>>> print(open('data.cif').read())   # mmCIF, C-alpha atoms
data_final
loop_
_atom_site.label_atom_id
_atom_site.label_comp_id
_atom_site.auth_asym_id
_atom_site.auth_seq_id
_atom_site.Cartn_x
_atom_site.Cartn_y
_atom_site.Cartn_z
CA MET A 104 86.03 135.97 114.45
CA ALA A 105 88.90 135.17 116.81
CA GLU A 106 87.94 131.48 116.64
CA TYR A 107 88.28 131.50 112.82
CA VAL A 108 91.62 133.29 112.93
CA ALA A 109 92.88 130.78 115.50
CA GLY A 110 91.57 127.89 113.36
CA LEU A 111 93.33 129.25 110.29
CA GLU A 112 96.57 129.81 112.21
CA ASN A 113 96.49 126.27 113.59
CA ASN A 114 95.72 124.82 110.17
CA LEU A 115 98.54 126.72 108.48
CA GLN A 116 101.01 125.70 111.21
CA GLN A 117 100.06 122.06 110.64
CA GLN A 118 100.57 122.47 106.89
CA ILE A 119 103.99 124.02 107.48
CA ALA A 120 104.94 121.05 109.69
CA PHE A 121 103.97 118.64 106.90
CA TYR A 122 105.92 120.67 104.34
CA ARG A 123 108.97 120.52 106.62
CA GLN A 124 108.60 116.74 106.68
CA LEU A 125 108.46 116.78 102.88
CA VAL A 126 111.69 118.82 102.77
CA GLU A 127 113.40 116.23 104.97
CA LEU A 128 112.11 113.41 102.78
CA GLU A 129 113.23 115.18 99.61
CA GLN A 130 116.71 115.52 101.10
CA GLU A 131 116.72 111.79 101.89
CA LYS A 132 115.45 111.06 98.39
CA GLN A 133 118.26 113.13 96.93
CA LYS A 134 120.83 111.03 98.78
CA ALA A 135 119.07 107.84 97.66
CA LEU A 136 119.09 109.07 94.06
CA VAL A 137 122.82 109.80 94.21
CA ASP A 138 123.49 106.42 95.86
CA ASN A 139 121.05 104.69 93.45
CA VAL A 140 119.09 102.95 96.21
CA ILE A 141 115.81 102.19 94.45
CA GLU A 142 114.08 100.62 97.47
CA LYS A 143 114.76 103.74 99.55
CA ILE A 144 113.40 105.98 96.78
CA GLU A 145 110.21 103.91 96.63
CA SER A 146 109.83 104.01 100.40
CA ILE A 147 110.31 107.77 100.52
CA THR A 148 107.84 108.29 97.68
CA ALA A 149 105.21 106.27 99.56
CA GLN A 150 105.79 108.40 102.68
CA GLU A 151 105.50 111.58 100.59
CA GLU A 152 102.19 110.40 99.14
CA LYS A 153 100.76 109.87 102.63
CA ILE A 154 101.87 113.33 103.72
CA LEU A 155 100.41 114.92 100.60
CA LEU A 156 97.06 113.27 101.36
CA GLU A 157 97.20 114.83 104.83
CA VAL A 158 98.06 118.21 103.32
CA GLY A 159 95.09 117.85 100.97
CA GLN A 160 92.78 117.26 103.92
CA LEU A 161 94.25 120.26 105.72
CA GLU A 162 93.70 122.35 102.62
CA GLU A 163 90.01 121.41 102.64
CA GLU A 164 89.87 122.36 106.32
CA ARG A 165 91.66 125.64 105.54
CA LEU A 166 88.96 126.47 103.02
CA TYR A 167 86.35 125.83 105.71
CA TRP A 168 88.04 128.33 108.07
CA ALA A 169 88.73 130.75 105.22
CA GLU A 170 85.05 130.79 104.28
CA PHE A 171 84.17 132.46 107.58
CA PHE A 172 87.04 134.88 107.17
CA GLY A 173 85.96 135.54 103.58
CA LYS A 174 82.48 136.54 104.67
CA GLU A 175 84.07 139.10 106.98
CA VAL A 176 86.24 140.65 104.25
CA GLY A 177 83.93 140.04 101.27
CA LYS A 178 85.98 137.41 99.39
CA LYS A 179 85.54 133.79 98.38
CA ALA A 180 87.45 131.28 100.50
CA GLU A 181 89.51 130.20 97.46
CA ASP A 182 90.59 133.80 96.80
CA ILE A 183 91.93 134.54 100.28
CA THR A 184 95.71 134.77 100.37
CA LEU A 185 98.24 135.00 103.16
CA THR A 186 98.60 138.68 102.27
CA ASP A 187 94.90 139.15 103.04
CA LEU A 188 95.33 137.36 106.35
CA ILE A 189 98.38 139.44 107.26
CA GLN A 190 96.47 142.66 106.52
CA TYR A 191 93.69 141.51 108.81
CA SER A 192 95.93 140.09 111.53
CA PRO A 193 99.69 140.79 111.62
CA GLY A 194 100.11 137.53 113.56
CA PHE A 195 99.96 135.73 110.20
CA GLU A 196 103.18 137.40 108.99
CA PRO A 197 105.60 134.87 110.57
CA ILE A 198 103.43 132.07 109.18
CA GLY A 199 103.63 133.62 105.71
CA GLN A 200 107.40 133.96 105.96
CA GLU A 201 107.78 130.35 107.11
CA PHE A 202 105.51 129.14 104.30
CA GLU A 203 107.58 131.03 101.76
CA LYS A 204 110.82 129.61 103.18
CA VAL A 205 109.71 125.98 103.32
CA ILE A 206 108.01 126.03 99.91
CA SER A 207 111.15 127.58 98.38
CA GLN A 208 113.30 124.83 99.92
CA LEU A 209 110.92 122.18 98.63
CA LYS A 210 110.88 123.69 95.15
CA ASN A 211 114.68 123.79 94.98
CA LEU A 212 114.96 120.18 96.15
CA HIS A 213 112.37 119.07 93.59
CA GLU A 214 114.29 120.79 90.81
CA ILE A 215 117.60 119.20 91.83
CA ASN A 216 116.01 115.76 92.20
CA ALA A 217 114.31 116.11 88.81
CA LYS A 218 117.69 116.90 87.23
CA LEU A 219 119.24 113.87 88.96
CA LEU A 220 116.46 111.64 87.64
CA LYS A 221 116.73 113.08 84.15
CA SER A 222 120.48 112.53 84.16
CA ALA A 223 120.08 108.93 85.36
CA LEU A 224 117.50 108.25 82.64
CA SER A 225 119.76 109.76 80.00
CA ILE A 226 122.63 107.52 81.08
CA ALA A 227 120.38 104.46 81.08
CA ASP A 228 119.03 105.36 77.63
CA PHE A 229 122.54 105.95 76.28
CA THR A 230 123.75 102.62 77.70
CA LEU A 231 120.79 100.76 76.23
CA ARG A 232 121.32 102.36 72.81
CA LEU A 233 125.03 101.54 72.98
CA LEU A 234 124.36 97.90 73.86
CA THR A 235 121.66 97.46 71.20
CA GLY A 236 123.37 99.52 68.50
CA GLN A 237 120.42 101.85 68.12
CA LYS A 238 120.94 105.36 66.89
CA HIS A 239 119.23 108.16 68.76
CA THR A 240 116.68 109.60 66.31
CA THR A 241 113.51 111.57 66.68
CA TYR A 242 111.86 109.76 63.78
CA SER A 243 112.79 107.12 61.25
CA ASN A 244 112.31 107.00 57.53
CA PRO A 245 109.57 104.48 56.70
CA SER A 246 111.53 103.36 53.62
CA ASN A 247 114.32 102.08 55.89
CA LYS A 248 112.13 99.34 57.40
CA GLY A 249 113.97 96.08 57.55
CA VAL A 250 117.38 97.72 57.03
CA LYS A 251 120.00 96.53 59.52
CA ASN A 252 121.58 99.04 61.83
CA GLU A 253 124.98 100.49 61.02
CA PHE A 254 126.71 98.21 63.50
CA GLY A 255 125.55 95.02 61.76
CA GLN A 256 125.64 91.93 63.94
CA ASN A 257 128.28 93.27 66.38
CA ASN A 258 125.71 94.29 68.99
CA LEU A 259 126.05 92.96 72.49
CA ILE A 260 122.26 92.67 72.57
CA ASN A 261 120.50 92.15 69.27
CA LYS A 262 117.10 93.57 70.21
CA SER A 263 115.75 96.39 72.30
CA ILE A 264 114.18 95.54 75.60
#
>>> encode(input="data.cif", output="structure tokens")
Amino acid sequence: MAEYVAGLENNLQQQIAFYRQLVELEQEKQKALVDNVIEKIESITAQEEKILLEVGQLEEERLYWAEFFGKEVGKKAEDITLTDLIQYSPGFEPIGQEFEKVISQLKNLHEINAKLLKSALSIADFTLRLLTGQKHTTYSNPSNKGVKNEFGQNNLINKSI
């Protein structure tokens, strides 16, 4: 059983290391979003995708190790939590705390970056509507087809892109 516990510990430590890398990349992405450096955002996103593939492989490996542990405690591999591991072996407690910390950081960064993206899209949408003279509506009345907009021909751009 010690081999399975060691395998799980090693696997979880590797996952934490990848999540730390994701936190660093999210911080870089945040700066790139603020500075509006599209190429940097694309590069960071590609790096994140590679890391997430690695994390996915580690998760499959974790399930392999957890299956042996699950047989010992009478649970399916998918149902085993860090709490279960900590109850079995207190050595998992620091791993659980680190996981909680890094996942919380990642979640906060994701939320901030999502708000930055949403704000940037809103500004772009507003600018486009302003330049094309389009009103912001949820729906349009079908009977108004062919009716010119309220700004007439004074639009900087006379059709939506």
>>> residues_around(input="data.cif", residues="segment 188-197 of chain A", least_positions_apart="4", cutoff="12 Å", atoms="all atoms listed in the file", output="MDAnalysis selection string")
chainID A and resid 104:105 107:116 119 168:169 172:173 175:176 178 180 182:184 201:204
>>> write_last_selection(input="data.cif", atoms="C-alpha atoms", output="PDB file, in the frame of the given file")
ATOM      1  CA  MET A 104      86.030 135.970 114.450  1.00  0.00           C
ATOM      2  CA  ALA A 105      88.900 135.170 116.810  1.00  0.00           C
ATOM      3  CA  TYR A 107      88.280 131.500 112.820  1.00  0.00           C
ATOM      4  CA  VAL A 108      91.620 133.290 112.930  1.00  0.00           C
ATOM      5  CA  ALA A 109      92.880 130.780 115.500  1.00  0.00           C
ATOM      6  CA  GLY A 110      91.570 127.890 113.360  1.00  0.00           C
ATOM      7  CA  LEU A 111      93.330 129.250 110.290  1.00  0.00           C
ATOM      8  CA  GLU A 112      96.570 129.810 112.210  1.00  0.00           C
ATOM      9  CA  ASN A 113      96.490 126.270 113.590  1.00  0.00           C
ATOM     10  CA  ASN A 114      95.720 124.820 110.170  1.00  0.00           C
ATOM     11  CA  LEU A 115      98.540 126.720 108.480  1.00  0.00           C
ATOM     12  CA  GLN A 116     101.010 125.700 111.210  1.00  0.00           C
ATOM     13  CA  ILE A 119     103.990 124.020 107.480  1.00  0.00           C
ATOM     14  CA  TRP A 168      88.040 128.330 108.070  1.00  0.00           C
ATOM     15  CA  ALA A 169      88.730 130.750 105.220  1.00  0.00           C
ATOM     16  CA  PHE A 172      87.040 134.880 107.170  1.00  0.00           C
ATOM     17  CA  GLY A 173      85.960 135.540 103.580  1.00  0.00           C
ATOM     18  CA  GLU A 175      84.070 139.100 106.980  1.00  0.00           C
ATOM     19  CA  VAL A 176      86.240 140.650 104.250  1.00  0.00           C
ATOM     20  CA  LYS A 178      85.980 137.410  99.390  1.00  0.00           C
ATOM     21  CA  ALA A 180      87.450 131.280 100.500  1.00  0.00           C
ATOM     22  CA  ASP A 182      90.590 133.800  96.800  1.00  0.00           C
ATOM     23  CA  ILE A 183      91.930 134.540 100.280  1.00  0.00           C
ATOM     24  CA  THR A 184      95.710 134.770 100.370  1.00  0.00           C
ATOM     25  CA  GLU A 201     107.780 130.350 107.110  1.00  0.00           C
ATOM     26  CA  PHE A 202     105.510 129.140 104.300  1.00  0.00           C
ATOM     27  CA  GLU A 203     107.580 131.030 101.760  1.00  0.00           C
ATOM     28  CA  LYS A 204     110.820 129.610 103.180  1.00  0.00           C
TER      29      LYS A 204
END
>>> residues_around(input="data.cif", residues="Ile144 of chain A", least_positions_apart="5", cutoff="9 Å", atoms="all atoms listed in the file", output="list in words")
Glu131, Lys132, Gln133, Ala135, Leu136, Asn139 and Ala149 of chain A
>>> closest_residue(input="data.cif", among="A:Arg232, A:Lys218, A:Lys179, A:His213", to="Leu128 of chain A", atoms="all atoms listed in the file")
A:His213
>>> closest_residue(input="data.cif", among="A:Glu106, A:Glu129, A:Glu164, A:Asp187", to="Ser146 of chain A", atoms="only C-alpha atoms")
A:Glu129
>>> resolve_selection(input="data.cif", expression="the PyMOL selection byres ((chain A and resi 206) around 12)", output="PyMOL selection string")
chain A and resi 118-126+198-205+207-213
>>> atom_distance(input="data.cif", atom1="atom CA of Glu181 of chain A", atom2="atom CA of Leu161 of chain A")
13.8 Å
>>> atom_distance(input="data.cif", atom1="atom CA of Gln150 of chain A", atom2="atom CA of Asp228 of chain A")
28.5 Å
>>> axis_aligned_box(input="data.cif", around="segment 173-192 of chain A", padding_each_side="3 Å", output="AutoDock Vina command-line options")
--center_x 90.5 --center_y 136.4 --center_z 104.2 --size_x 22.1 --size_y 18.5 --size_z 20.7
